[in-house]
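In what follows, a single structure is set out as structure tokens and then discussed.
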There are 2 protein chains.
Amino acid sequence: MAQIHTPADTDEQARQAGAPVVDTTDSPHAQLHPVALGDVTLSDTFWEPRRRVNQEVTLPSQFRHLEETDRLNNFRRAAGKLDAPFVGIYFNDSDVYKWLEAAAWTLAGEPNLELTAMVDAAIAVIADAQREDGYLNTYFALDRADERWTNFDLHEMYCAGHLFQAAVAHVRATGKTSLLDVATRFADHIFDTFGPEAEGKREAVDGHEEVELGLVELYRTTGEKRYLEGARYFVEARGRGLLERPYGHFNPEYAQDHLPIREVETVVGHAVRALYYAAGVADVYAETGDAGYLTALQRQWENMTGRRMYVSGGVGSRYEGEAFGRDFELPNARAYTETCAAIASVMWNWRMLALSGDARYSDLLEWTLYNAVLPGLSLDGQHYFYQNPLADDGAHRRQAWFGCACCPPNVARLLASLPGYFYSTSEDALWVHLYAEGRLETTLENGQRVAVEQTTGYPWDGEVTLSVQTEGTTFALRLRIPSWAQGATLRVNGEVVEDVQAGSYTHLLRDWRKGDTVELSLPMPVRYLEAHPYVTENTGCVALARGPLLYCIEGLDQRVDVRNLYAPAAQETLQIAASDELGGVMMLRGETVVRVADEAAYLYRDLAPATLAETERRVAASLVAVPYYSWANREESPMLVWLRRQG
Amino acid sequence: MAQIHTPADTDEQARQAGAPVVDTTDSPHAQLHPVALGDVTLSDTFWEPRRRVNQEVTLPSQFRHLEETDRLNNFRRAAGKLDAPFVGIYFNDSDVYKWLEAAAWTLAGEPNLELTAMVDAAIAVIADAQREDGYLNTYFALDRADERWTNFDLHEMYCAGHLFQAAVAHVRATGKTSLLDVATRFADHIFDTFGPEAEGKREAVDGHEEVELGLVELYRTTGEKRYLEGARYFVEARGRGLLERPYGHFNPEYAQDHLPIREVETVVGHAVRALYYAAGVADVYAETGDAGYLTALQRQWENMTGRRMYVSGGVGSRYEGEAFGRDFELPNARAYTETCAAIASVMWNWRMLALSGDARYSDLLEWTLYNAVLPGLSLDGQHYFYQNPLADDGAHRRQAWFGCACCPPNVARLLASLPGYFYSTSEDALWVHLYAEGRLETTLENGQRVAVEQTTGYPWDGEVTLSVQTEGTTFALRLRIPSWAQGATLRVNGEVVEDVQAGSYTHLLRDWRKGDTVELSLPMPVRYLEAHPYVTENTGCVALARGPLLYCIEGLDQRVDVRNLYAPAAQETLQIAASDELGGVMMLRGETVVRVADEAAYLYRDLAPATLAETERRVAASLVAVPYYSWANREESPMLVWLRRQG
């Protein structure tokens with residue numbers, strides 16, 4: 001199938017061969033195909049420094065956490081090399097796998113001997129722990145061996161899925177099959193054990209989706225059709241009451257076991273489960289073309305984006321069950337909005353984009369990346385949010401690690417693989433989804449090599465220049481015009497291109513010559529966003545945005561309490577001001593009014609009987625807003641995304 | 001101690017002897033003392049019809065539920081009279097006890113042969129199930145007998161406490177000791193088993209508070225000092241790390257085991273636990289006078305009412321853990337606000353009132369009763385809310401029963417005992433806390449008999465006339481002037497009394513003659529309430545209230561969507577209009593504006609760059625508000641307490 005059937009002899013060869021993040025290269029029902037991660041070089045001041053921190057700070061510090069919290073020791077114990085009890089939560093193996101995936105994508109970008117040593121050591125430990133029959137889970141390794149596959153909510157298949165993703169990343173990035181061998185042995189065990197009763201197998205549903213997309217990627221990497229069959233089986237198994245154990249106080253919706261896939265209308269239950277599932281279903285669709293899958297995914301996407309998503313792109317509003325709430329149930333201070341759910345949304349949207357080439361998916365992917373994933377990581381690369389509230393009193397702070405540490409390595413693997421999300425190819429086109437200073441050098445589907453340079457200050461500035469570096473290639477350049485970029489303009493070699501539509505891709509088909517330039521101008525005024533009136537939590541409020549960035553106000557930037565501040569009456573009065581703070585950001589500054597209140601004395605109080613406008617005294621005040629992703633990186637103070645609206 | 005040391009021969013005698021709801025008659029540190037429940041007759045059109053429904057519909061229907069859900073069968077099984085498995089949740093015994101308490105208070109009011117038969121039959125079943133050593137819990141009766149007292153989160157003491165409350169109510173109301181005998185045997189078992197290690201006992205903390213207040217009331221009824229000692233032990237045991245079992249993902253705050261009582265500053269954790277505990281601590285204080293207890297309770301009360309309470313008086317905002325949230329964490333649509341927590345708040349405030357005679361406690365007691373307890377019960381008396389949101393899309397409906405059925409019998413016992421909350425006595429005074437047409441006939445602490453009639457249309461009308469029906473009694477009449485009744489006036493025999501302060505009690509000391517009248521006039525304009533700005537969910541909103549009632553708007557009363565409606569610019573323009581709907585209520589009607597929006601198309605959208613006031617089109621509309629307690633009694637429609645504010 002894909003590029004990595006034959007392992008390369010050296011890391012360098014593998015990198016040349018490329019490492020597509022989600023390999024839809026040969027998927028019959030995908031419109032877009034990936035470029036190799038190594039084909040993309042970022043040299044910008046926004047993402048590349050973060051990827052550098054990811055490599056130099058985040059990955060080593062996470063490896064230390066994996067050791068110090070006995071996550072690697074659990075494997076050593078399972079291998080009989082350590083006499084100690086299992087430590088931690090039953091799904092802790094998955095953190096090791098996600099870290100490995102992050103490390104692998106990092107190695108796809110450039111050699112790193114130290115990281116390679118850590119990766120190889122971890123893989124050796126993992127391989128040692130695998131059972132004769134291919135089974136691999138350290139929680140069920142020794143004393144609990146009898147309990148294997150007895151409770152499908154104990155994440156055995158979830159961990160397997162992450163192993164498969166890590167193995168795929170590892171072989172694509174390095175050409176080495178050491179982890180892939182472990183993965184395929186486990187996948188074979190699962191395929192032989194579970195499936196239709198008619199085939200003499202045991203019926204099962206995984207309690208936390210993940211194995212589906214892992215199996216499809218394993219199929220794409222190995223060409224083994226049975227992995228795709230397995231993935232399809234697990235998708236089809238849901239909604240038929242197979243999930244054996246009741247979920248305590250949770251209902252079947254919690255694990256998306258309430259309906260067969262073709263009947264699903266809404267996003268429900270545990271948000272990460274729901275969106276890993278959606279991503280897995282999209283992966284199976286890409287290979288099989290089952291129309292019922294696609295329409296079910298589209299319905300869920302409409303429901304999520306139209307009813308169950310925060311303005312940040314974050315999803316899963318409920319603490320209980322880490323779950324999607326009802327339509328318009330989007331409390332701000334008590335938003336759950338797990339970082340992993342945002343990452344899952346990026347994964348799902350990336351697959352929907354590949355299936356369709358529809359800009360609404362890349363629009364949401366970008367917005368989610370900046371405003372829902374990135375807040376999950378501190379600027380220092382060592383602290384993480386599990387929950388991402390949209391209002392806070394100052395107490396919510398990032399942590400160095402968690403008992404349930406799903407989010408940290410999840411952020412790391414997304415950042416490591418990020419270059420893979422910038423471009424795609426299709427039969428006659430080169431697609432540009434994301435903007436950042438950097439370079440692409442890849443082979444188009446017609447076999448021609450092409451190199452393109454991006455020059456831009458994005459996301460702070462909307463001017464993007466693409467210059468073609470190669471001679472005589474014919475393709476359609478499909479640039480994403482973000483939906484927020486009303487009034488965007490485009491010039492090819494200085495000549496204005498008409499009919500540039502926000503929320504779509506251009507279609508600039510021509511024979512490109514070396515030195516051709518495309519100048520895209522994306523207007524970035526300050527924008528006020530309002531929420532649907534059914535989101536009662538946001539009544540009378542506006543949110544601030546500019547370009548692809550959502551803004552918020554933090555107490556330490558103001559002279560008055562953020563909760564008494566009004567948004568300026570007109571968004572044009574807000575000034576865009578560069579600041580060295582927060583790693584370098586554009587702040588928004590403006591004059592506005594603040595509510596005068598004696599706040600200590602009451603929780604509720606009578607308004608004097610006069611017109612409402614007369615009962616509130618407001619005085620002039622200044623306001624400073626910062627990008628939402630950067631909040632809580634300085635001293636503690638209250639934060640708000642939704643500001644009081646004047647008038 | 002109290003009135004019921006010698007059992008009466010007949011129910012009628014017992015009723016004459018009286019049945020104080022919380023018997024602080026001889027409590028050395030209580031300022032106020034109860035009147036017997038049977039001394040109070042309600043003849044109003046608000047509460048009395050509800051109490052009638054409680055007696056005639058609610059109690060019989062709940063008894064059927066207790067039978068049909070095997071709650072009574074669990075006792076028969078424990079007694080060896082039924083060969084069947086235990087059915088339901090481990091604390092289901094408590095529902096039977098709470099129902100018995102409700103039935104007992106009902107019998108204190110008037111004879112009811114049918115109800116007496118049900119009560120006696122249930123008590124016989126319970127007595128049969130008690131173990132030789134006094135232990136009584138049907139979950140641990142047979143197959144789980146070895147697990148007794150091994151996990152203090154399995155509510156053995158919680159059930160015991162409810163048994164004690166039921167037994168106390170039963171003997172006070174009927175004079176019969178059949179349930180009291182069961183209760184004291186169990187209490188003796190607990191006292192002998194648990195206590196300071198130095199006394200050769202086992203240290204323990206109850207996982208769900210309730211046993212404390214049950215033991216104090218048992219002490220008050222029997223005079224047995226060891227029950228008070230036991231209660232004090234359980235209070236002192238908290239916050240010392242004794243709670244053996246970890247609470248899964250919950251922390252010690254969940255069960256108020258985080259700090260010793262004297263160090264507690266805030267209301268935390270599971271709301272019902274927290275407030276039953278507070279009530280129990282107040283009960284112990286009433287008997288012991290430990291100043292550290294009282295100041296800890298006052299701090300918690302300030303924190304709850306100033307930071308962690310809904311405008312309805314409801315408390316416990318979090319679904320996860322049914323718990324208090326952080327300061328100002330008060331989401332509306334996702335309010336948990338358990339009906340039981342509101343009842344617990346009434347119980348606590350009643351005790352704080354008895355300790356102090358401070359009107360702020362009776363103010364909150366009344367407000368909570370009307371606006372947080374009463375919404376928990378349907379007008380038909382057979383459907384219940386467990387959670388009480390302050391905004392809803394129409395999907396939240398009352399249920400006939402619950403697997404965890406704590407709320408239904410809790411509402412029933414409060415309604416059954418309600419007359420006992422109207423009046424108190426103190427050394428020289430008669431206190432009037434609540435207003436409703438009816439009559440009190442009681443013996444003051446100086447031994448004089450006094451009869452007083454209340455004539456009023458309260459809560460719909462603020463005119464209250466009290467007329468003294470007895471001759472020549474000297475006492476201070478202490479009428480509560482509600483805190484919302486700014487401008488209240490008072491006349492005694494037509495003569496104006498100066499200096500009537502809202503939020504306090506009058507002090508009308510005189511030699512009262514038969515025919516003396518006191519006319520209290522409580523202004524009831526429509527009021528707009530605003531929330532503290534830190535309650536970000538209520539930014540830009542007002543709530544409507546009149547007298548002791550909070551109002552809301554329901555979709556079916558409007559021509560436009562409630563979520564687009566603004567409150568009228570001035571509250572005086574709202575008309576107060578009597579309606580036959582909803583069992584007879586005063587509705588609020590007025591002209592206002594509504595936001596014009598094309599709602600289907602977006603979840604978030606850009607506002608056009610103009611002044612905010614110009615971007616929203618509003619047109620004239622009518623608004624109808626109904627009392628919040630009456631919501632969701634008609635067809636499904638969205639509901640809002642907090643309305644958009646103009647200006």
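Residues are referred to by chain and number: the chain letter is A, B, ... according to the order shown in the structure tokens, the number counts from 1 in that chain, and ligands are numbered separately from 1 in the order shown.
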Per residue of chain B within 8 Å of chain A, note the shortest atom pair and the distance in Å to one decimal, counting only C-alpha atoms, and order the rows by chain and increasing residue number, as a tab-separated table.
```
residue	atom	partner	partner_atom	distance
B:Thr305	CA	A:Leu603	CA	7.2
B:Gly306	CA	A:Leu603	CA	5.1
B:Arg307	CA	A:Leu603	CA	6.3
B:Val311	CA	A:Tyr604	CA	6.7
B:Tyr319	CA	A:Glu320	CA	6.7
B:Glu320	CA	A:Glu320	CA	5.3
B:Glu329	CA	A:Ala333	CA	7.1
B:Pro331	CA	A:Pro331	CA	6.4
B:Asn332	CA	A:Glu537	CA	7.7
B:Ala333	CA	A:Glu329	CA	7.1
B:Arg334	CA	A:Glu329	CA	7.5
B:Ala391	CA	A:Thr536	CA	7.9
B:Arg527	CA	A:Asp606	CA	6.5
B:Tyr528	CA	A:Leu607	CA	5.5
B:Leu529	CA	A:Asp606	CA	4.5
B:Glu530	CA	A:Tyr604	CA	5.5
B:Ala531	CA	A:Tyr604	CA	4.5
B:His532	CA	A:Leu603	CA	5.0
B:Pro533	CA	A:Arg563	CA	5.8
B:Tyr534	CA	A:Arg563	CA	6.0
B:Thr536	CA	A:Arg563	CA	7.0
B:Glu537	CA	A:Glu537	CA	5.0
B:Asn538	CA	A:Glu537	CA	7.1
B:Thr539	CA	A:Arg644	CA	6.7
B:Gly540	CA	A:Gly540	CA	5.4
B:Cys541	CA	A:Thr539	CA	7.7
B:Arg563	CA	A:Pro533	CA	5.9
B:Asn564	CA	A:Pro533	CA	6.3
B:Ala569	CA	A:Thr611	CA	5.3
B:Ala570	CA	A:Thr611	CA	4.5
B:Gln571	CA	A:Pro609	CA	6.4
B:Glu572	CA	A:Pro609	CA	6.8
B:Glu599	CA	A:His532	CA	6.6
B:Tyr602	CA	A:Gly306	CA	6.2
B:Leu603	CA	A:His532	CA	5.0
B:Tyr604	CA	A:Ala531	CA	4.5
B:Arg605	CA	A:Leu529	CA	5.3
B:Asp606	CA	A:Leu529	CA	4.5
B:Leu607	CA	A:Tyr528	CA	5.5
B:Ala608	CA	A:Tyr528	CA	8.0
B:Pro609	CA	A:Gln571	CA	6.4
B:Ala610	CA	A:Ala570	CA	5.7
B:Thr611	CA	A:Ala570	CA	4.5
B:Leu612	CA	A:Ala569	CA	5.5
B:Ala613	CA	A:Gly647	CA	4.4
B:Arg644	CA	A:Thr539	CA	6.6
B:Arg645	CA	A:Leu612	CA	7.2
B:Gln646	CA	A:Leu612	CA	6.3
B:Gly647	CA	A:Ala613	CA	4.4
```
What would the file look like if the residues just selected were written as a PDB file, in the first residue's frame with C-alpha atoms?
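Now in out25.pdb:
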```pdb
ATOM      1  CA  THR B 305     -25.059  32.266  51.067  1.00  0.00           C
ATOM      2  CA  GLY B 306     -22.415  34.683  49.825  1.00  0.00           C
ATOM      3  CA  ARG B 307     -20.676  32.502  47.250  1.00  0.00           C
ATOM      4  CA  VAL B 311     -30.837  32.681  43.506  1.00  0.00           C
ATOM      5  CA  TYR B 319     -23.291  17.089  38.939  1.00  0.00           C
ATOM      6  CA  GLU B 320     -20.066  15.267  39.715  1.00  0.00           C
ATOM      7  CA  GLU B 329     -19.572  28.369  40.290  1.00  0.00           C
ATOM      8  CA  PRO B 331     -24.166  27.246  36.067  1.00  0.00           C
ATOM      9  CA  ASN B 332     -27.879  27.534  35.345  1.00  0.00           C
ATOM     10  CA  ALA B 333     -28.831  24.888  32.805  1.00  0.00           C
ATOM     11  CA  ARG B 334     -26.422  22.444  34.387  1.00  0.00           C
ATOM     12  CA  ALA B 391     -32.519  27.152  32.769  1.00  0.00           C
ATOM     13  CA  ARG B 527     -38.362  43.007  41.968  1.00  0.00           C
ATOM     14  CA  TYR B 528     -35.408  42.565  39.678  1.00  0.00           C
ATOM     15  CA  LEU B 529     -32.486  40.717  41.173  1.00  0.00           C
ATOM     16  CA  GLU B 530     -28.950  40.882  39.881  1.00  0.00           C
ATOM     17  CA  ALA B 531     -26.138  38.501  40.642  1.00  0.00           C
ATOM     18  CA  HIS B 532     -22.651  39.308  41.807  1.00  0.00           C
ATOM     19  CA  PRO B 533     -20.484  39.952  38.731  1.00  0.00           C
ATOM     20  CA  TYR B 534     -18.310  36.960  39.590  1.00  0.00           C
ATOM     21  CA  THR B 536     -20.251  34.983  35.084  1.00  0.00           C
ATOM     22  CA  GLU B 537     -23.159  32.786  33.989  1.00  0.00           C
ATOM     23  CA  ASN B 538     -25.537  35.604  34.908  1.00  0.00           C
ATOM     24  CA  THR B 539     -23.678  38.448  33.245  1.00  0.00           C
ATOM     25  CA  GLY B 540     -26.124  40.898  31.706  1.00  0.00           C
ATOM     26  CA  CYS B 541     -29.149  39.215  33.256  1.00  0.00           C
ATOM     27  CA  ARG B 563     -33.997  32.794  25.205  1.00  0.00           C
ATOM     28  CA  ASN B 564     -34.476  35.836  22.990  1.00  0.00           C
ATOM     29  CA  ALA B 569     -36.669  47.972  30.944  1.00  0.00           C
ATOM     30  CA  ALA B 570     -38.369  48.788  34.242  1.00  0.00           C
ATOM     31  CA  GLN B 571     -39.795  46.291  36.691  1.00  0.00           C
ATOM     32  CA  GLU B 572     -42.713  48.573  37.611  1.00  0.00           C
ATOM     33  CA  GLU B 599     -31.228  31.046  14.956  1.00  0.00           C
ATOM     34  CA  TYR B 602     -24.995  29.373  13.471  1.00  0.00           C
ATOM     35  CA  LEU B 603     -23.538  28.475  16.797  1.00  0.00           C
ATOM     36  CA  TYR B 604     -21.098  31.396  16.801  1.00  0.00           C
ATOM     37  CA  ARG B 605     -20.969  34.216  14.304  1.00  0.00           C
ATOM     38  CA  ASP B 606     -19.229  37.470  13.626  1.00  0.00           C
ATOM     39  CA  LEU B 607     -20.942  40.668  14.606  1.00  0.00           C
ATOM     40  CA  ALA B 608     -20.833  43.260  11.901  1.00  0.00           C
ATOM     41  CA  PRO B 609     -18.262  45.970  12.624  1.00  0.00           C
ATOM     42  CA  ALA B 610     -20.556  48.622  14.041  1.00  0.00           C
ATOM     43  CA  THR B 611     -21.408  49.670  17.548  1.00  0.00           C
ATOM     44  CA  LEU B 612     -22.768  46.760  19.474  1.00  0.00           C
ATOM     45  CA  ALA B 613     -26.044  48.546  20.134  1.00  0.00           C
ATOM     46  CA  ARG B 644     -31.534  39.240  29.306  1.00  0.00           C
ATOM     47  CA  ARG B 645     -31.173  42.696  30.726  1.00  0.00           C
ATOM     48  CA  GLN B 646     -31.746  45.810  28.657  1.00  0.00           C
ATOM     49  CA  GLY B 647     -29.202  48.568  28.782  1.00  0.00           C
TER      50      GLY B 647
END
```
Could you find all residues in region 493-524 of chain B that DSSP calls strand (DSSP E or B) from the backbone, and write them as an NGL selection string?
-> :B and (495-497 or 504-505 or 508-512 or 517-521)
For Ile190 (chain B), please output as a ChimeraX atom specification all residues within 9 Å (counting only C-alpha atoms; exclusion window: fewer than 5 positions along the same chain).
-> /B:134-135,157,185,195,230
Would you kindly return, as JSON, numbers by chain, each protein, DNA or RNA residue with an atom no farther than 8 Å from any atom of Ser345 (chain A), considering only C-alpha atoms and excluding same-chain residues fewer than 2 positions away?
-> {"A": [275, 341, 342, 343, 347, 348, 349, 365, 368]}
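Excluding Tyr423 (chain A) itself and any same-chain residue fewer than 2 positions from it, the protein and nucleic acid residues within 6 Å of it, counting only C-alpha atoms, are Tyr421, Trp431, Val432 and His433 of chain A.
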Leu490 (chain A) environment, 9 Å, only C-alpha atoms, sequence neighbours closer than 2 positions dropped, as a CSV table (one decimal) with N, CA, C and O atoms, in the first residue's frame:
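selection.csv, freshly written:
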```csv
chain,number,residue,atom,x,y,z
A,488,ALA,N,-10.7,38.6,1.6
A,488,ALA,CA,-9.4,38.1,1.2
A,488,ALA,C,-9.1,38.4,-0.2
A,488,ALA,O,-10.0,38.4,-1.1
A,492,VAL,N,-1.6,36.5,-8.4
A,492,VAL,CA,-0.6,35.6,-8.9
A,492,VAL,C,0.3,36.4,-9.8
A,492,VAL,O,-0.1,37.0,-10.8
A,494,GLY,N,1.5,39.2,-9.2
A,494,GLY,CA,1.0,40.5,-9.1
A,494,GLY,C,-0.4,40.8,-9.7
A,494,GLY,O,-0.9,41.9,-9.6
A,495,GLU,N,-0.9,39.8,-10.4
A,495,GLU,CA,-2.2,40.0,-11.0
A,495,GLU,C,-3.3,39.5,-10.1
A,495,GLU,O,-3.3,38.4,-9.6
A,496,VAL,N,-4.3,40.3,-10.0
A,496,VAL,CA,-5.4,40.0,-9.0
A,496,VAL,C,-6.2,38.8,-9.6
A,496,VAL,O,-6.6,38.8,-10.7
A,497,VAL,N,-6.5,37.9,-8.7
A,497,VAL,CA,-7.4,36.8,-9.0
A,497,VAL,C,-8.8,37.2,-8.5
A,497,VAL,O,-8.9,37.5,-7.3
A,498,GLU,N,-9.8,37.1,-9.3
A,498,GLU,CA,-11.1,37.4,-8.9
A,498,GLU,C,-11.8,36.3,-8.1
A,498,GLU,O,-11.3,35.2,-8.2
A,500,VAL,N,-12.4,35.4,-4.9
A,500,VAL,CA,-11.8,34.6,-3.8
A,500,VAL,C,-12.8,34.5,-2.7
A,500,VAL,O,-13.3,35.6,-2.2
A,518,VAL,N,2.6,33.8,-5.4
A,518,VAL,CA,1.1,33.9,-5.1
A,518,VAL,C,1.1,34.7,-3.8
A,518,VAL,O,1.6,34.3,-2.8
A,519,GLU,N,0.4,35.8,-3.9
A,519,GLU,CA,0.3,36.7,-2.7
A,519,GLU,C,-1.2,36.6,-2.2
A,519,GLU,O,-2.1,37.1,-2.9
A,520,LEU,N,-1.3,36.1,-1.0
A,520,LEU,CA,-2.6,36.0,-0.4
A,520,LEU,C,-2.7,37.0,0.7
A,520,LEU,O,-1.8,37.1,1.5
A,521,SER,N,-3.8,37.7,0.7
A,521,SER,CA,-3.9,38.8,1.8
A,521,SER,C,-5.2,38.4,2.6
A,521,SER,O,-6.3,38.6,2.0
A,522,LEU,N,-5.0,38.0,3.8
A,522,LEU,CA,-6.2,37.6,4.6
A,522,LEU,C,-6.4,38.8,5.6
A,522,LEU,O,-5.6,39.0,6.6
```
Interatomic distance, CA of His383 (chain B) to CA of Ala103 (chain B) (Å, one decimal) | 18.1 Å
